[in-house]
>>> print(open('start12.cif').read())   # mmCIF, C-alpha atoms and all ligand atoms
data_work
loop_
_atom_site.label_atom_id
_atom_site.label_comp_id
_atom_site.auth_asym_id
_atom_site.auth_seq_id
_atom_site.Cartn_x
_atom_site.Cartn_y
_atom_site.Cartn_z
CA MET I 1 -20.08 -31.03 -10.05
CA GLU I 2 -19.13 -29.61 -6.72
CA VAL I 3 -15.78 -27.87 -6.53
CA ILE I 4 -14.13 -28.01 -3.16
CA LEU I 5 -11.74 -25.28 -2.13
CA ALA I 6 -8.15 -26.37 -1.75
CA ASN I 7 -6.93 -26.74 1.81
CA ARG I 8 -4.65 -23.75 1.40
CA LEU I 9 -7.68 -21.55 0.73
CA GLN I 10 -9.65 -23.05 3.58
CA LYS I 11 -6.79 -22.15 5.91
CA LEU I 12 -7.12 -18.44 5.07
CA ARG I 13 -9.36 -16.14 7.00
CA PRO I 14 -12.19 -14.75 4.87
CA TYR I 15 -11.00 -11.65 2.99
CA PRO I 16 -11.90 -9.04 5.59
CA PHE I 17 -13.33 -6.44 3.24
CA ALA I 18 -15.78 -8.82 1.54
CA ALA I 19 -18.22 -8.76 4.47
CA LEU I 20 -17.80 -5.00 4.76
CA ARG I 21 -18.59 -4.48 1.07
CA ARG I 22 -21.80 -6.46 1.46
CA LYS I 23 -22.88 -4.44 4.48
CA ILE I 24 -22.20 -1.16 2.70
CA ALA I 25 -24.12 -2.26 -0.38
CA GLU I 26 -27.13 -3.25 1.75
CA ALA I 27 -27.17 0.06 3.60
CA ARG I 28 -26.86 2.06 0.36
CA GLN I 29 -29.69 0.05 -1.15
CA ALA I 30 -31.80 1.01 1.85
CA GLY I 31 -31.09 4.67 1.07
CA LYS I 32 -28.71 5.24 3.95
CA GLU I 33 -25.78 7.67 3.60
CA VAL I 34 -22.59 5.62 3.79
CA LEU I 35 -19.26 7.31 4.40
CA ASN I 36 -16.66 4.63 3.84
CA LEU I 37 -13.26 5.34 5.38
CA GLY I 38 -12.25 1.71 5.30
CA ILE I 39 -9.92 1.03 2.41
CA GLY I 40 -6.43 2.32 1.62
CA ASP I 41 -6.54 3.10 -2.09
CA PRO I 42 -5.57 6.65 -3.13
CA ASP I 43 -8.48 8.71 -4.49
CA ARG I 44 -6.23 11.33 -6.07
CA PRO I 45 -5.31 10.67 -9.71
CA THR I 46 -1.88 9.53 -10.85
CA PRO I 47 0.25 12.65 -11.57
CA ASP I 48 -0.03 14.01 -15.13
CA PRO I 49 3.61 13.51 -16.21
CA VAL I 50 3.34 9.82 -15.38
CA VAL I 51 0.11 9.42 -17.34
CA ALA I 52 1.66 11.38 -20.24
CA GLU I 53 4.65 9.04 -20.33
CA LEU I 54 2.33 6.00 -20.40
CA CYS I 55 0.42 7.49 -23.35
CA ARG I 56 3.62 8.39 -25.19
CA ALA I 57 5.10 4.93 -24.74
CA VAL I 58 1.95 3.01 -25.60
CA ARG I 59 1.58 5.01 -28.83
CA ASP I 60 5.26 4.87 -29.78
CA GLU I 61 5.15 3.07 -33.13
CA ALA I 62 8.93 3.12 -33.30
CA ASP I 63 9.02 0.77 -30.31
CA LEU I 64 8.32 -2.54 -31.98
CA ASN I 65 8.12 -4.26 -28.60
CA ARG I 66 5.55 -2.01 -27.01
CA HIS I 67 2.81 -4.65 -27.01
CA ARG I 68 4.92 -7.66 -26.09
CA TYR I 69 5.38 -9.65 -22.88
CA GLY I 70 7.08 -7.26 -20.51
CA CYS I 71 9.33 -9.98 -19.09
CA ASP I 72 10.85 -10.70 -22.51
CA VAL I 73 11.39 -7.08 -23.50
CA PRO I 74 12.17 -5.26 -20.23
CA THR I 75 13.09 -1.60 -20.44
CA THR I 76 16.53 -0.48 -19.31
CA GLU I 77 14.85 2.73 -18.08
CA PHE I 78 13.00 1.18 -15.13
CA PRO I 79 15.95 -0.53 -13.39
CA GLN I 80 18.05 2.56 -14.06
CA ALA I 81 15.38 4.74 -12.46
CA VAL I 82 15.32 2.36 -9.46
CA LYS I 83 19.11 2.70 -9.09
CA ASP I 84 18.94 6.47 -9.34
CA PHE I 85 16.04 6.65 -6.89
CA TYR I 86 17.74 4.46 -4.26
CA ARG I 87 20.96 6.44 -4.58
CA ARG I 88 19.29 9.85 -4.39
CA ARG I 89 16.73 8.98 -1.76
CA PHE I 90 18.63 6.58 0.52
CA GLY I 91 22.28 6.89 -0.52
CA VAL I 92 22.16 3.18 -1.42
CA ALA I 93 23.99 1.79 -4.47
CA LEU I 94 22.23 -1.18 -6.11
CA ALA I 95 23.87 -3.60 -8.56
CA GLY I 96 21.96 -5.03 -11.51
CA ASP I 97 21.30 -8.36 -9.78
CA GLN I 98 19.91 -6.51 -6.76
CA ILE I 99 16.77 -5.28 -8.55
CA VAL I 100 13.67 -7.18 -9.63
CA GLN I 101 10.80 -5.25 -11.16
CA THR I 102 7.49 -6.46 -9.70
CA SER I 103 3.80 -6.15 -10.49
CA GLY I 104 3.33 -4.40 -7.16
CA SER I 105 4.11 -5.66 -3.70
CA LYS I 106 1.02 -7.76 -2.98
CA ASP I 107 1.77 -10.12 -5.86
CA ALA I 108 5.50 -10.08 -5.12
CA ILE I 109 5.07 -10.89 -1.43
CA VAL I 110 3.20 -14.09 -2.29
CA GLN I 111 5.61 -15.01 -5.11
CA PHE I 112 8.56 -14.41 -2.81
CA ALA I 113 7.17 -16.80 -0.20
CA LEU I 114 6.78 -19.48 -2.87
CA GLY I 115 10.39 -18.91 -3.88
CA ILE I 116 12.03 -19.25 -0.47
CA LEU I 117 9.82 -21.34 1.81
CA ASN I 118 9.37 -25.10 2.03
CA PRO I 119 6.39 -26.92 3.56
CA GLY I 120 6.56 -26.71 7.35
CA ASP I 121 9.04 -23.82 7.40
CA LEU I 122 8.52 -21.06 9.93
CA ALA I 123 8.18 -17.41 8.90
CA ILE I 124 7.69 -14.37 11.14
CA ALA I 125 5.11 -11.67 10.40
CA PRO I 126 4.07 -8.61 12.42
CA GLU I 127 0.64 -8.60 14.03
CA PRO I 128 -1.45 -6.49 13.67
CA GLY I 129 -0.21 -6.47 10.10
CA TYR I 130 -0.80 -6.60 6.40
CA PRO I 131 -2.50 -9.98 5.79
CA THR I 132 -0.57 -10.89 2.63
CA TYR I 133 2.59 -11.97 4.49
CA ASN I 134 0.68 -14.82 6.12
CA ILE I 135 -1.17 -15.58 2.89
CA GLY I 136 2.17 -16.08 1.13
CA HIS I 137 3.40 -18.34 3.91
CA THR I 138 0.18 -20.35 3.83
CA PHE I 139 0.30 -20.80 0.05
CA ALA I 140 3.86 -22.07 0.48
CA SER I 141 2.60 -24.50 3.17
CA ALA I 142 4.78 -22.72 5.70
CA VAL I 143 3.68 -21.58 9.15
CA THR I 144 3.49 -18.00 10.42
CA HIS I 145 4.84 -17.03 13.81
CA TYR I 146 3.26 -13.69 14.68
CA ALA I 147 5.40 -11.08 16.38
CA PRO I 148 3.03 -8.77 18.28
CA LEU I 149 3.28 -5.00 17.73
CA ARG I 150 2.37 -3.33 21.01
CA ARG I 151 1.68 0.33 21.63
CA GLU I 152 4.09 0.39 24.58
CA ASN I 153 6.91 -0.63 22.19
CA GLY I 154 6.01 2.01 19.63
CA PHE I 155 4.46 -0.79 17.55
CA LEU I 156 7.92 -2.24 16.84
CA PRO I 157 8.37 -6.01 17.27
CA ASP I 158 10.23 -6.93 20.46
CA LEU I 159 13.10 -8.91 18.92
CA ASP I 160 14.29 -10.10 22.36
CA ALA I 161 10.88 -11.63 23.02
CA ILE I 162 10.94 -13.89 19.95
CA PRO I 163 11.19 -17.40 21.42
CA ALA I 164 14.48 -19.31 21.03
CA GLU I 165 12.77 -22.10 19.10
CA VAL I 166 11.34 -19.58 16.61
CA ARG I 167 14.74 -17.90 16.16
CA ARG I 168 16.25 -21.27 15.40
CA LEU I 169 13.63 -22.35 12.87
CA ALA I 170 12.41 -19.14 11.19
CA ARG I 171 13.59 -18.54 7.63
CA VAL I 172 12.26 -15.05 7.04
CA MET I 173 10.92 -12.11 9.05
CA TRP I 174 8.70 -9.36 7.65
CA LEU I 175 9.07 -5.73 8.71
CA ASN I 176 6.84 -2.88 7.54
CA TYR I 177 7.64 0.75 8.38
CA PRO I 178 5.97 3.19 8.05
CA ASN I 179 3.48 0.61 9.28
CA ASN I 180 0.06 -0.40 8.06
CA PRO I 181 -2.17 -0.43 10.11
CA THR I 182 -0.55 1.14 13.19
CA THR I 183 1.00 4.16 11.35
CA ALA I 184 4.19 3.65 13.41
CA VAL I 185 7.49 4.74 11.92
CA CYS I 186 10.96 3.52 12.81
CA ALA I 187 14.45 4.99 13.00
CA LEU I 188 17.51 3.54 11.27
CA GLY I 189 18.60 2.21 14.68
CA PHE I 190 15.72 -0.28 14.62
CA TYR I 191 16.89 -1.62 11.25
CA ARG I 192 20.43 -1.91 12.67
CA ARG I 193 19.14 -4.08 15.51
CA ALA I 194 17.04 -6.13 13.10
CA VAL I 195 20.02 -6.73 10.77
CA GLU I 196 22.14 -7.83 13.72
CA PHE I 197 19.34 -10.16 14.85
CA ALA I 198 18.96 -11.58 11.34
CA ARG I 199 22.69 -12.21 10.97
CA LYS I 200 22.93 -13.88 14.35
CA HIS I 201 19.99 -16.20 13.78
CA ASP I 202 20.34 -16.69 10.05
CA ILE I 203 16.92 -15.23 9.26
CA LEU I 204 16.27 -13.34 6.05
CA LEU I 205 14.65 -9.94 6.56
CA ALA I 206 11.93 -8.79 4.18
CA SER I 207 11.17 -5.09 4.51
CA ASP I 208 7.87 -3.86 3.06
CA LEU I 209 8.51 -0.20 2.25
CA SER I 210 5.09 0.61 0.79
CA TYR I 211 4.73 3.88 2.70
CA SER I 212 8.28 5.29 2.80
CA GLU I 213 7.23 8.30 0.72
CA ASN I 214 3.98 9.02 2.60
CA THR I 215 5.56 10.91 5.50
CA TYR I 216 4.93 14.24 7.23
CA ASP I 217 6.31 16.95 9.48
CA GLY I 218 9.91 16.48 8.36
CA TYR I 219 10.11 12.75 9.10
CA VAL I 220 12.10 10.89 6.41
CA ALA I 221 11.68 7.11 6.36
CA PRO I 222 14.88 5.09 6.09
CA SER I 223 15.48 2.01 3.93
CA ILE I 224 16.81 -1.09 5.66
CA LEU I 225 19.52 -1.15 2.99
CA GLN I 226 21.03 1.98 4.56
CA VAL I 227 22.40 -0.32 7.27
CA GLU I 228 25.90 -1.37 6.28
CA GLY I 229 25.94 -4.91 4.92
CA ALA I 230 22.15 -5.20 5.06
CA ALA I 231 21.98 -6.57 1.51
CA ASP I 232 23.59 -9.76 2.90
CA VAL I 233 20.48 -10.47 4.95
CA ALA I 234 17.66 -8.32 3.62
CA VAL I 235 15.36 -7.69 0.69
CA GLU I 236 13.09 -4.70 0.42
CA PHE I 237 9.80 -4.34 -1.44
CA PHE I 238 9.04 -0.86 -2.74
CA SER I 239 5.79 -0.09 -4.53
CA LEU I 240 4.75 2.85 -6.65
CA SER I 241 1.14 2.30 -5.55
CA LYS I 242 0.87 4.53 -2.50
CA ALA I 243 3.78 6.87 -3.22
CA PHE I 244 2.50 7.99 -6.63
CA CYS I 245 -1.25 7.13 -6.52
CA MET I 246 -0.67 4.19 -8.88
CA THR I 247 -2.42 1.28 -7.19
CA GLY I 248 -4.11 0.10 -10.38
CA TRP I 249 -0.95 0.22 -12.47
CA ARG I 250 0.73 -2.72 -10.72
CA ILE I 251 4.37 -1.76 -10.62
CA GLY I 252 7.07 -1.81 -7.98
CA MET I 253 10.40 -3.41 -7.26
CA ALA I 254 12.17 -5.73 -4.89
CA VAL I 255 15.79 -4.87 -4.11
CA GLY I 256 18.65 -6.11 -1.93
CA HIS I 257 19.87 -9.68 -1.37
CA ALA I 258 20.71 -11.04 -4.84
CA GLY I 259 20.12 -14.71 -3.95
CA ALA I 260 16.70 -14.07 -2.48
CA LEU I 261 15.79 -11.96 -5.51
CA LYS I 262 16.84 -14.78 -7.78
CA ALA I 263 14.23 -16.96 -6.05
CA LEU I 264 11.61 -14.27 -6.59
CA GLY I 265 12.67 -13.89 -10.22
CA LEU I 266 12.33 -17.63 -10.84
CA VAL I 267 8.80 -17.73 -9.45
CA LYS I 268 7.91 -14.71 -11.57
CA ASP I 269 9.42 -16.26 -14.71
CA ASN I 270 7.29 -19.33 -14.13
CA SER I 271 4.05 -17.67 -13.15
CA ASP I 272 3.68 -14.23 -14.76
CA ASN I 273 4.68 -12.49 -17.98
CA GLY I 274 5.90 -9.17 -16.68
CA THR I 275 4.60 -5.63 -17.02
CA LEU I 276 3.67 -3.76 -20.20
CA ARG I 277 6.63 -1.67 -21.38
CA ALA I 278 4.61 1.55 -21.32
CA ILE I 279 3.95 0.99 -17.61
CA GLN I 280 7.65 0.38 -17.03
CA PHE I 281 8.47 3.67 -18.82
CA ALA I 282 5.84 5.50 -16.80
CA GLY I 283 7.11 3.93 -13.57
CA ALA I 284 10.62 5.14 -14.40
CA ARG I 285 9.23 8.62 -14.99
CA ALA I 286 7.50 8.61 -11.61
CA LEU I 287 10.67 7.57 -9.80
CA HIS I 288 12.71 10.24 -11.60
CA LEU I 289 10.18 12.89 -10.63
CA ALA I 290 9.68 11.69 -7.04
CA GLU I 291 10.95 14.89 -5.41
CA THR I 292 8.53 17.04 -7.42
CA LEU I 293 5.47 14.80 -7.41
CA ILE I 294 5.37 13.51 -3.84
CA PRO I 295 5.13 16.75 -1.79
CA GLU I 296 1.87 17.65 -3.51
CA ILE I 297 0.38 14.21 -2.82
CA ASN I 298 1.45 14.33 0.81
CA ALA I 299 0.09 17.84 1.35
CA VAL I 300 -3.38 16.43 0.73
CA TYR I 301 -2.91 13.57 3.21
CA ARG I 302 -1.43 15.92 5.81
CA ARG I 303 -4.44 18.20 5.60
CA ARG I 304 -6.82 15.24 5.94
CA ARG I 305 -4.77 13.75 8.77
CA ASP I 306 -5.03 17.01 10.70
CA LEU I 307 -8.79 17.20 10.09
CA VAL I 308 -9.39 13.67 11.40
CA VAL I 309 -7.00 13.87 14.37
CA ASN I 310 -8.29 17.29 15.42
CA THR I 311 -11.90 16.07 15.23
CA LEU I 312 -11.21 12.91 17.22
CA ASN I 313 -9.18 14.79 19.82
CA ALA I 314 -12.01 17.29 20.26
CA LEU I 315 -14.23 14.26 20.93
CA GLY I 316 -11.97 13.02 23.73
CA TRP I 317 -9.32 10.93 21.98
CA GLN I 318 -5.69 11.75 22.70
CA LEU I 319 -4.04 11.03 19.36
CA GLU I 320 -0.68 12.14 18.16
CA LYS I 321 -0.46 13.02 14.51
CA PRO I 322 1.12 10.09 12.67
CA LYS I 323 4.39 10.81 10.85
CA GLY I 324 3.77 8.25 8.15
CA THR I 325 1.25 6.23 6.09
CA ILE I 326 -2.18 7.29 4.87
CA TYR I 327 -4.11 6.12 7.94
CA ILE I 328 -5.19 7.05 11.43
CA TRP I 329 -4.94 4.30 14.07
CA ALA I 330 -6.91 4.96 17.23
CA ALA I 331 -8.10 3.11 20.32
CA VAL I 332 -11.80 2.33 20.53
CA PRO I 333 -13.63 4.20 23.33
CA GLU I 334 -13.47 2.52 26.72
CA ARG I 335 -17.17 1.73 26.90
CA PHE I 336 -16.72 -0.86 24.14
CA GLY I 337 -14.33 -2.83 26.35
CA GLY I 338 -11.81 -3.11 23.53
CA ASP I 339 -14.30 -4.67 21.09
CA SER I 340 -13.26 -3.07 17.80
CA ALA I 341 -15.90 -4.84 15.68
CA GLY I 342 -18.58 -3.78 18.17
CA PHE I 343 -17.39 -0.19 18.01
CA ALA I 344 -17.25 -0.19 14.20
CA ALA I 345 -20.76 -1.67 13.96
CA ASP I 346 -22.15 0.85 16.46
CA LEU I 347 -20.46 3.73 14.66
CA PHE I 348 -21.81 2.55 11.32
CA ASP I 349 -25.36 2.18 12.62
CA LYS I 350 -25.35 5.64 14.23
CA THR I 351 -23.45 7.65 11.62
CA GLY I 352 -23.02 5.62 8.42
CA VAL I 353 -19.25 6.02 8.83
CA VAL I 354 -17.24 2.90 8.00
CA VAL I 355 -13.94 2.33 9.81
CA THR I 356 -11.89 -0.87 9.87
CA PRO I 357 -11.91 -2.79 13.17
CA GLY I 358 -8.34 -3.43 14.32
CA ALA I 359 -9.10 -7.11 14.96
CA VAL I 360 -9.12 -7.59 11.17
CA TYR I 361 -5.32 -7.21 11.30
CA GLY I 362 -4.78 -9.76 14.07
CA GLU I 363 -5.51 -10.23 17.75
CA HIS I 364 -3.16 -7.45 18.88
CA GLY I 365 -5.08 -5.09 16.63
CA GLU I 366 -8.08 -5.63 18.89
CA GLY I 367 -9.00 -2.48 20.79
CA PHE I 368 -8.11 -0.22 17.85
CA PHE I 369 -9.65 0.93 14.60
CA ARG I 370 -8.23 2.32 11.38
CA ILE I 371 -9.38 5.27 9.30
CA SER I 372 -8.02 5.65 5.77
CA LEU I 373 -7.24 9.13 4.45
CA THR I 374 -7.71 8.09 0.83
CA TYR I 375 -11.18 9.59 0.50
CA PRO I 376 -12.10 12.97 -0.98
CA ASP I 377 -12.02 15.93 1.41
CA GLU I 378 -15.82 16.28 1.20
CA VAL I 379 -16.30 12.68 2.34
CA LEU I 380 -13.86 13.02 5.23
CA THR I 381 -15.30 16.37 6.26
CA ARG I 382 -18.84 15.00 6.20
CA ALA I 383 -17.76 11.91 8.15
CA MET I 384 -16.09 14.07 10.79
CA GLU I 385 -19.20 16.23 11.05
CA ARG I 386 -21.29 13.12 11.62
CA LEU I 387 -18.91 11.93 14.33
CA ALA I 388 -19.01 15.33 16.00
CA GLU I 389 -22.85 15.32 15.94
CA GLN I 390 -22.77 12.04 17.84
CA ARG I 391 -21.10 13.63 20.81
C1 LIG T 1 -0.96 -1.39 -0.03
C2 LIG T 1 0.07 -2.28 0.61
C3 LIG T 1 0.82 -3.18 -0.15
C4 LIG T 1 0.50 -3.54 -1.58
O1 LIG T 1 0.68 -2.61 -2.49
P1 LIG T 1 0.73 -3.01 -4.03
O2 LIG T 1 -0.29 -2.15 -4.65
O3 LIG T 1 0.44 -4.45 -4.20
O4 LIG T 1 2.13 -2.70 -4.43
C5 LIG T 1 1.82 -3.91 0.46
N1 LIG T 1 2.07 -3.78 1.77
C6 LIG T 1 1.35 -2.93 2.54
C7 LIG T 1 1.66 -2.84 3.98
C8 LIG T 1 0.31 -2.17 1.99
O5 LIG T 1 -0.42 -1.40 2.78
#
>>> encode(input="start12.cif", output="structure tokens", more="lines below")
Ligand SMILES: *Cc1c(COP(=O)(O)O)cnc(C)c1O
Amino acid sequence: MEVILANRLQKLRPYPFAALRRKIAEARQAGKEVLNLGIGDPDRPTPDPVVAELCRAVRDEADLNRHRYGCDVPTTEFPQAVKDFYRRRFGVALAGDQIVQTSGSKDAIVQFALGILNPGDLAIAPEPGYPTYNIGHTFASAVTHYAPLRRENGFLPDLDAIPAEVRRLARVMWLNYPNNPTTAVCALGFYRRAVEFARKHDILLASDLSYSENTYDGYVAPSILQVEGAADVAVEFFSLSKAFCMTGWRIGMAVGHAGALKALGLVKDNSDNGTLRAIQFAGARALHLAETLIPEINAVYRRRRDLVVNTLNALGWQLEKPKGTIYIWAAVPERFGGDSAGFAADLFDKTGVVVTPGAVYGEHGEGFFRISLTYPDEVLTRAMERLAEQR
């Protein structure tokens, strides 16, 4: 029997890292040294107090619900920790119906799209951008309008350039600052303009705040909910993955507009069974300890960022040090005529260093490449040495 992929899967672009993984495996098999700087998944372990809380909770025989479906026996600790975190960190007060615990943002982004979009609806996503926004839209049989992020605009979408027809028809618009892949950050003033735009055109804003805690040099990332009245038009997706080196744990939260969160909650109720209580307890612990745990994590990224930027600048790039995220976003050298895949392939062949071609993130990502700082210092140092030798 031949199984044919559903149309919704055929509409997706091939998962960009699948081809890369194959290429790396082949080269390693051939005995070549591969220095992969391609994927954004923290190498550093989850902080000890968070792991300790998981172990405590999972062994707690007094908790008769510790093994049960997380959705049926939610902790009170996690939503309380979310409230405390948003108040301490952003000065934002959240009500009970303004918080949904998620299994991380990737899952929640897709579930959210299924909860709010109808077939044929229009939804706006940044480009270059995180692919999952469009994947959610596609699974919901909606259509993505891409808002280009251009260097000359500081990689912010030009709200005035969004066509009138799109403003009229779009139901939701994704924002993501600090931004993957461009590393751009935004000021609260940008969120103010976005909220005004959303109100005027009746478009829900969905802010992906995955990297708000990965910031450097005194920059503090705002939440869109700091804008007065933003919860009338916006939801925000926070994840513990990048902030606390917890990508495998699958925990985060969506906050803000209660009606939009209700839609997300309904999709979740009907498609997943929640998160193990021990993980909820540990997530609460992480949020409570944010101010102590995060500086140590960021010190590592800052050191790596400086190593990579200083190396590239010595080789002729003119990069500024990014204030946020765990990436470096750089233009490909002129001789490649803006061909990011060509540059990445050439670099890999000559040095064994793997970077992600910007075109993977959309057509306006062409001409750039991304380096992830989530690799051990030895790997990054060795990769930078190999680049320098190429000079
Ligand atoms: C990593 C990432 C996510 C997903 O993180 P989860 O582990 O699913 O919470 C979401 N958005 C962006 C922009 C990311 O880079």
>>> residues_near_ligand(input="start12.cif", ligand="ligand LIG 1 (chain T)", cutoff="6 Å", atoms="only C-alpha atoms and all ligand atoms", output="PDB file with C-alpha atoms, keeping the file's coordinate frame")
ATOM      1  CA  GLY I 104       3.330  -4.400  -7.160  1.00  0.00           C
ATOM      2  CA  SER I 105       4.110  -5.660  -3.700  1.00  0.00           C
ATOM      3  CA  LYS I 106       1.020  -7.760  -2.980  1.00  0.00           C
ATOM      4  CA  TYR I 130      -0.800  -6.600   6.400  1.00  0.00           C
ATOM      5  CA  ASN I 180       0.060  -0.400   8.060  1.00  0.00           C
ATOM      6  CA  ASP I 208       7.870  -3.860   3.060  1.00  0.00           C
ATOM      7  CA  SER I 210       5.090   0.610   0.790  1.00  0.00           C
ATOM      8  CA  SER I 239       5.790  -0.090  -4.530  1.00  0.00           C
ATOM      9  CA  SER I 241       1.140   2.300  -5.550  1.00  0.00           C
ATOM     10  CA  THR I 247      -2.420   1.280  -7.190  1.00  0.00           C
TER      11      THR I 247
END
>>> residues_around(input="start12.cif", residues="I:Ala254", least_positions_apart="3", cutoff="9 Å", atoms="all atoms listed in the file", output="ChimeraX atom specification")
/I:98-102,105,108,235-239,261,264
>>> atom_distance(input="start12.cif", atom1="atom CA of I:Thr182", atom2="atom CA of I:Phe343")
17.6 Å
>>> closest_residue(input="start12.cif", among="I:Arg382, I:Arg305, I:His364, I:His145", to="I:Pro128", atoms="all atoms listed in the file")
I:His364
>>> residues_around(input="start12.cif", residues="I:Asn7", least_positions_apart="4", cutoff="12 Å", atoms="all atoms listed in the file", output="list of chain:residue names")
I:Lys11, I:Leu12, I:Thr138, I:Phe139, I:Ala140, I:Ser141
